[in-house]
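Q: Just passing along the structure, written as structure tokens.
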2 protein chains.
Amino acid sequence: MDFILTAIGRVRGGRTEPTDDDWGASRAIVELDPGQFGDDALTGLETFSHVEIVYLFDQVAASDVVSGARHPRGRTDWPKIGIFAQRGRTRPNRLGLTVCKVVSATGRSLEVEGLDAIDGTPVLDIKPFMTGFAPRGAVTEPDWAREIMADYW
Amino acid sequence: MDFILTAIGRVRGGRTEPTDDDWGASRAIVELDPGQFGDDALTGLETFSHVEIVYLFDQVAASDVVSGARHPRGRTDWPKIGIFAQRGRTRPNRLGLTVCKVVSATGRSLEVEGLDAIDGTPVLDIKPFMTGFAPRGAVTEPDWAREIMADYW
């Protein structure tokens, strides 16, 4: 059940501290590892407005990972929620996942806006955002999920 | 740059062959590993209409992984596109990522509709779909990206 994954590159620039809010205007580069990739791995990505970035919260200590339920952000006025029903970083496998705006894609450098990952973060995958992969059907969510995002971007 | 990830569970049921289209009505269970998780890891997930599932295309051989550009689905009438500008499964780290409908979340079992992963697939993460994590700003994509999704769901 264990799998070895290799970072395809790292986040360069952007924020250095993993604070909770105000990520919207943050710009950063995802720099592909030149040992693994040539100039053609990002070809065509600039024809998409958005990408999904899968990354690793590598600064989260194993001892901080939660496998059960907790209050999101420790807010006891919100319900206790299972770790897979929230997006907090202290999660099993420590995977982060965010849709960002494509600013440019040149050679091995992808510039994005609104990536909530700090400088140096290992990146595991980049996928173009296709409208065909948006949610099918009406989207509903609980109140706390809207409240937690109020100042995020 | 290498990281060990552990499957949090597996896909049970649904399709057994990774054909390209008609995934929309497919129902399957994501069953959490009882050795790692109790009954509270999914608590509250039923209050969301959709989840994002991060999984591993473990049937893709390492020798089939593409690190450069290729025609999506081998269609030479579509442009040659970098592996990170398409969502095909022969990709570095072999990560799959799909938004599905939540049918039910009970104990360690999450039933979903529209998961494009076959029976037995290792699952690495489950995240609730929050509208705050939808793309910010207008979404644009190239023509081939709309064409490739025409019969997918």
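Lettering and numbering for the structure tokens are positional, with chains as A, B, ... in the shown order, residues counted from 1 in each chain, and ligands counted from 1 in the shown order.
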What's around range 73-81 of chain A at 12 Å? Count only C-alpha atoms, leave out sequence neighbours fewer than 6 positions away in its own chain, and write the answer as a PDB file with N, CA and C atoms, in the first residue's frame.
A:
ATOM      1  N   THR A  19       0.623  31.021   6.282  1.00  0.00           N
ATOM      2  CA  THR A  19      -0.512  31.638   6.968  1.00  0.00           C
ATOM      3  C   THR A  19      -1.807  31.273   6.242  1.00  0.00           C
ATOM      4  N   ASP A  20      -2.938  31.470   6.957  1.00  0.00           N
ATOM      5  CA  ASP A  20      -4.190  30.892   6.463  1.00  0.00           C
ATOM      6  C   ASP A  20      -4.878  31.651   5.322  1.00  0.00           C
ATOM      7  N   ASP A  21      -4.715  32.956   5.231  1.00  0.00           N
ATOM      8  CA  ASP A  21      -5.568  33.721   4.314  1.00  0.00           C
ATOM      9  C   ASP A  21      -4.790  34.583   3.312  1.00  0.00           C
ATOM     10  N   VAL A  66      -3.551  14.344  11.409  1.00  0.00           N
ATOM     11  CA  VAL A  66      -4.785  13.915  12.059  1.00  0.00           C
ATOM     12  C   VAL A  66      -5.427  12.817  11.209  1.00  0.00           C
ATOM     13  N   SER A  67      -5.868  11.733  11.852  1.00  0.00           N
ATOM     14  CA  SER A  67      -6.522  10.684  11.066  1.00  0.00           C
ATOM     15  C   SER A  67      -8.016  10.583  11.371  1.00  0.00           C
ATOM     16  N   ARG A  87     -10.131  20.463   4.254  1.00  0.00           N
ATOM     17  CA  ARG A  87      -8.969  20.558   3.362  1.00  0.00           C
ATOM     18  C   ARG A  87      -7.701  20.962   4.104  1.00  0.00           C
ATOM     19  N   GLY A  88      -7.714  20.927   5.427  1.00  0.00           N
ATOM     20  CA  GLY A  88      -6.564  21.331   6.232  1.00  0.00           C
ATOM     21  C   GLY A  88      -5.312  20.530   5.884  1.00  0.00           C
ATOM     22  N   ARG A  89      -4.157  21.104   6.176  1.00  0.00           N
ATOM     23  CA  ARG A  89      -2.914  20.484   5.719  1.00  0.00           C
ATOM     24  C   ARG A  89      -2.409  19.350   6.601  1.00  0.00           C
ATOM     25  N   THR A  90      -2.908  19.216   7.819  1.00  0.00           N
ATOM     26  CA  THR A  90      -2.436  18.141   8.703  1.00  0.00           C
ATOM     27  C   THR A  90      -3.195  16.855   8.413  1.00  0.00           C
ATOM     28  N   PRO A 142     -21.663  22.879   3.368  1.00  0.00           N
ATOM     29  CA  PRO A 142     -22.172  23.397   4.645  1.00  0.00           C
ATOM     30  C   PRO A 142     -21.717  24.848   4.867  1.00  0.00           C
ATOM     31  N   ASP A 143     -22.384  25.534   5.819  1.00  0.00           N
ATOM     32  CA  ASP A 143     -22.075  26.943   6.072  1.00  0.00           C
ATOM     33  C   ASP A 143     -20.614  27.170   6.447  1.00  0.00           C
ATOM     34  N   TRP A 144     -20.046  26.277   7.284  1.00  0.00           N
ATOM     35  CA  TRP A 144     -18.671  26.527   7.745  1.00  0.00           C
ATOM     36  C   TRP A 144     -17.694  26.550   6.579  1.00  0.00           C
ATOM     37  N   ALA A 145     -18.002  25.787   5.515  1.00  0.00           N
ATOM     38  CA  ALA A 145     -17.100  25.731   4.359  1.00  0.00           C
ATOM     39  C   ALA A 145     -17.077  27.053   3.603  1.00  0.00           C
ATOM     40  N   ARG A 146     -18.206  27.763   3.604  1.00  0.00           N
ATOM     41  CA  ARG A 146     -18.215  29.098   2.991  1.00  0.00           C
ATOM     42  C   ARG A 146     -17.515  30.107   3.889  1.00  0.00           C
ATOM     43  N   GLU A 147     -17.767  29.983   5.211  1.00  0.00           N
ATOM     44  CA  GLU A 147     -17.164  30.934   6.152  1.00  0.00           C
ATOM     45  C   GLU A 147     -15.636  30.828   6.166  1.00  0.00           C
ATOM     46  N   ILE A 148     -15.110  29.604   6.080  1.00  0.00           N
ATOM     47  CA  ILE A 148     -13.665  29.402   6.179  1.00  0.00           C
ATOM     48  C   ILE A 148     -12.933  30.000   4.980  1.00  0.00           C
ATOM     49  N   MET A 149     -13.649  30.147   3.854  1.00  0.00           N
ATOM     50  CA  MET A 149     -13.032  30.661   2.628  1.00  0.00           C
ATOM     51  C   MET A 149     -13.188  32.171   2.469  1.00  0.00           C
TER      52      MET A 149
ATOM     53  N   ASP B  39     -14.121   5.407  12.510  1.00  0.00           N
ATOM     54  CA  ASP B  39     -15.393   5.788  11.902  1.00  0.00           C
ATOM     55  C   ASP B  39     -15.538   7.295  11.713  1.00  0.00           C
ATOM     56  N   ASP B  40     -14.558   8.070  12.210  1.00  0.00           N
ATOM     57  CA  ASP B  40     -14.747   9.528  12.218  1.00  0.00           C
ATOM     58  C   ASP B  40     -13.987  10.266  11.114  1.00  0.00           C
ATOM     59  N   ALA B  41     -13.235   9.559  10.288  1.00  0.00           N
ATOM     60  CA  ALA B  41     -12.416  10.243   9.272  1.00  0.00           C
ATOM     61  C   ALA B  41     -13.267  10.875   8.174  1.00  0.00           C
ATOM     62  N   LEU B  42     -14.477  10.356   7.978  1.00  0.00           N
ATOM     63  CA  LEU B  42     -15.361  10.886   6.927  1.00  0.00           C
ATOM     64  C   LEU B  42     -16.503  11.737   7.500  1.00  0.00           C
ATOM     65  N   THR B  43     -16.498  11.949   8.809  1.00  0.00           N
ATOM     66  CA  THR B  43     -17.611  12.666   9.455  1.00  0.00           C
ATOM     67  C   THR B  43     -17.887  14.014   8.785  1.00  0.00           C
ATOM     68  N   GLY B  44     -19.106  14.233   8.377  1.00  0.00           N
ATOM     69  CA  GLY B  44     -19.497  15.518   7.785  1.00  0.00           C
ATOM     70  C   GLY B  44     -19.389  15.554   6.272  1.00  0.00           C
ATOM     71  N   LEU B  45     -18.780  14.523   5.681  1.00  0.00           N
ATOM     72  CA  LEU B  45     -18.594  14.549   4.220  1.00  0.00           C
ATOM     73  C   LEU B  45     -19.927  14.505   3.484  1.00  0.00           C
ATOM     74  N   GLU B  46     -20.960  13.932   4.115  1.00  0.00           N
ATOM     75  CA  GLU B  46     -22.274  13.844   3.477  1.00  0.00           C
ATOM     76  C   GLU B  46     -22.958  15.217   3.401  1.00  0.00           C
ATOM     77  N   THR B  47     -22.377  16.245   4.043  1.00  0.00           N
ATOM     78  CA  THR B  47     -22.955  17.589   3.932  1.00  0.00           C
ATOM     79  C   THR B  47     -22.423  18.334   2.701  1.00  0.00           C
ATOM     80  N   PHE B  48     -21.514  17.699   1.971  1.00  0.00           N
ATOM     81  CA  PHE B  48     -21.033  18.239   0.690  1.00  0.00           C
ATOM     82  C   PHE B  48     -21.662  17.441  -0.447  1.00  0.00           C
ATOM     83  N   LYS B 127     -10.906  15.011  -0.608  1.00  0.00           N
ATOM     84  CA  LYS B 127     -11.127  16.379  -0.144  1.00  0.00           C
ATOM     85  C   LYS B 127     -12.541  16.793  -0.498  1.00  0.00           C
ATOM     86  N   PRO B 128     -13.215  17.519   0.381  1.00  0.00           N
ATOM     87  CA  PRO B 128     -14.546  18.025   0.023  1.00  0.00           C
ATOM     88  C   PRO B 128     -14.408  19.103  -1.039  1.00  0.00           C
TER      89      PRO B 128
END
Q: Report the residues of range 36-103 of chain A whose backbone DSSP state falls under strand (DSSP E), written as a list in words.
A: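 Taking range 36-103 of chain A and keeping strand (DSSP E) gives His50, Val51, Glu52, Ile53, Val54, Tyr55, Leu56, Ala69, Arg70, Ile81, Gly82, Leu95, Gly96, Leu97, Thr98, Val99, Cys100, Lys101, Val102 and Val103 of chain A.
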Q: For each of A:Phe133, A:Phe37, A:Trp153, A:Phe3, take the minimum atom-to-atom distance to Asp116 in chain A, counting only C-alpha atoms, then give the residue where this is smallest.
A: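 Closest residue, counting only C-alpha atoms: A:Trp153.
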Q: List every residue of chain A that DSSP, applied to the backbone of this structure, places in helix (DSSP H, G or I), and write the result as a list in words.
A: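 Filtering chain A down to helix (DSSP H, G or I) leaves Leu45, Glu46, Thr47, Ala62, Ser63, Asp64, Pro72, Arg73, Gly74, Ile83, Phe84, Ala85, Pro92, Asn93, Arg94, Thr131, Gly132, Phe133, Asp143, Trp144, Ala145, Arg146, Glu147 and Ile148 of chain A.
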Q: Write out, as a PDB file, in the first residue's frame, the residues just selected, with C-alpha atoms.
A:
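Generated file (out.pdb):
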ATOM      1  CA  LEU A  45      -0.391  24.750 -21.013  1.00  0.00           C
ATOM      2  CA  GLU A  46      -0.599  28.460 -21.849  1.00  0.00           C
ATOM      3  CA  THR A  47      -3.773  27.704 -23.871  1.00  0.00           C
ATOM      4  CA  ALA A  62       4.207  13.362  10.819  1.00  0.00           C
ATOM      5  CA  SER A  63       3.211  13.798  14.466  1.00  0.00           C
ATOM      6  CA  ASP A  64       0.811  16.605  13.515  1.00  0.00           C
ATOM      7  CA  PRO A  72     -11.506  23.129  11.184  1.00  0.00           C
ATOM      8  CA  ARG A  73      -8.837  25.688  12.149  1.00  0.00           C
ATOM      9  CA  GLY A  74      -9.543  24.757  15.775  1.00  0.00           C
ATOM     10  CA  ILE A  83     -10.072  15.001   8.151  1.00  0.00           C
ATOM     11  CA  PHE A  84     -11.323  13.909   4.701  1.00  0.00           C
ATOM     12  CA  ALA A  85     -14.299  16.281   4.967  1.00  0.00           C
ATOM     13  CA  PRO A  92      -2.751  11.759   5.795  1.00  0.00           C
ATOM     14  CA  ASN A  93      -0.261  11.903   2.881  1.00  0.00           C
ATOM     15  CA  ARG A  94      -0.112  15.708   3.321  1.00  0.00           C
ATOM     16  CA  THR A 131     -14.485  22.476 -17.898  1.00  0.00           C
ATOM     17  CA  GLY A 132     -15.337  18.801 -18.498  1.00  0.00           C
ATOM     18  CA  PHE A 133     -13.722  18.019 -15.133  1.00  0.00           C
ATOM     19  CA  ASP A 143     -22.075  26.943   6.072  1.00  0.00           C
ATOM     20  CA  TRP A 144     -18.671  26.527   7.745  1.00  0.00           C
ATOM     21  CA  ALA A 145     -17.100  25.731   4.359  1.00  0.00           C
ATOM     22  CA  ARG A 146     -18.215  29.098   2.991  1.00  0.00           C
ATOM     23  CA  GLU A 147     -17.164  30.934   6.152  1.00  0.00           C
ATOM     24  CA  ILE A 148     -13.665  29.402   6.179  1.00  0.00           C
TER      25      ILE A 148
END
Q: Report, in Å with one decimal, the straight-line distance from CA of Lys101 in chain B to CA of Arg91 in chain A.
A: 21.6 Å
Q: Could you jot down the CA of Met1 in chain A to CA of Ala7 in chain B separation for me, Å, one decimal place?
A: 5.3 Å
Q: Of the candidates B:Ile118, B:Ala28, B:Val54, B:Val99, which one gets nearest to chain A if we count only C-alpha atoms?
A: B:Val99
Q: Here is a test: counting only C-alpha atoms, which residue of A:Ile29, A:Cys100, A:Ala150, A:Ile8 is nearest to Leu124 in chain A?
A: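 Of A:Ile29, A:Cys100, A:Ala150, A:Ile8, the one nearest Leu124 in chain A is A:Ile8, counting only C-alpha atoms.
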Q: CA of Glu17 in chain A to CA of Met130 in chain B: how many Å, to one decimal?
A: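 These atoms are spaced 23.4 Å apart.
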Q: When you count only C-alpha atoms, which of these residues is closest to chain A: B:Ala69, B:Val102, B:Ile53, B:Val30?
A: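 For chain A, the nearest of the given residues is B:Ala69.
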Q: Of the candidates A:Gly68, A:Gly137, A:Gly35, A:Pro18, which shows the shortest atom-to-atom distance to chain B, using only C-alpha atoms?
A: A:Gly68
Q: For Arg12 in chain A, which of A:Ser26, A:Thr106, A:Thr121, A:Gln36 is the closest residue, counting only C-alpha atoms?
A: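 Checking each candidate against Arg12 in chain A, we get A:Thr121 as the closest.
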Q: Can you tell me which residues surround Ala138 in chain A at a distance of at most 10 Å, considering only C-alpha atoms, apart from same-chain residues fewer than 3 positions away, and format the answer as a PyMOL selection string?
A: (chain A and resi 135) or (chain B and resi 49-50+101)
Q: So that I can check the surroundings of Tyr55 in chain A, please list as a list in words every protein, DNA and RNA residue that reaches within 7 Å of it, counting only C-alpha atoms and ignoring chain neighbours fewer than 5 positions away.
A: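 Close residues of Tyr55 in chain A: Leu95, Gly96, Leu97, Pro122, Val123, Leu124 and Asp125 of chain A.
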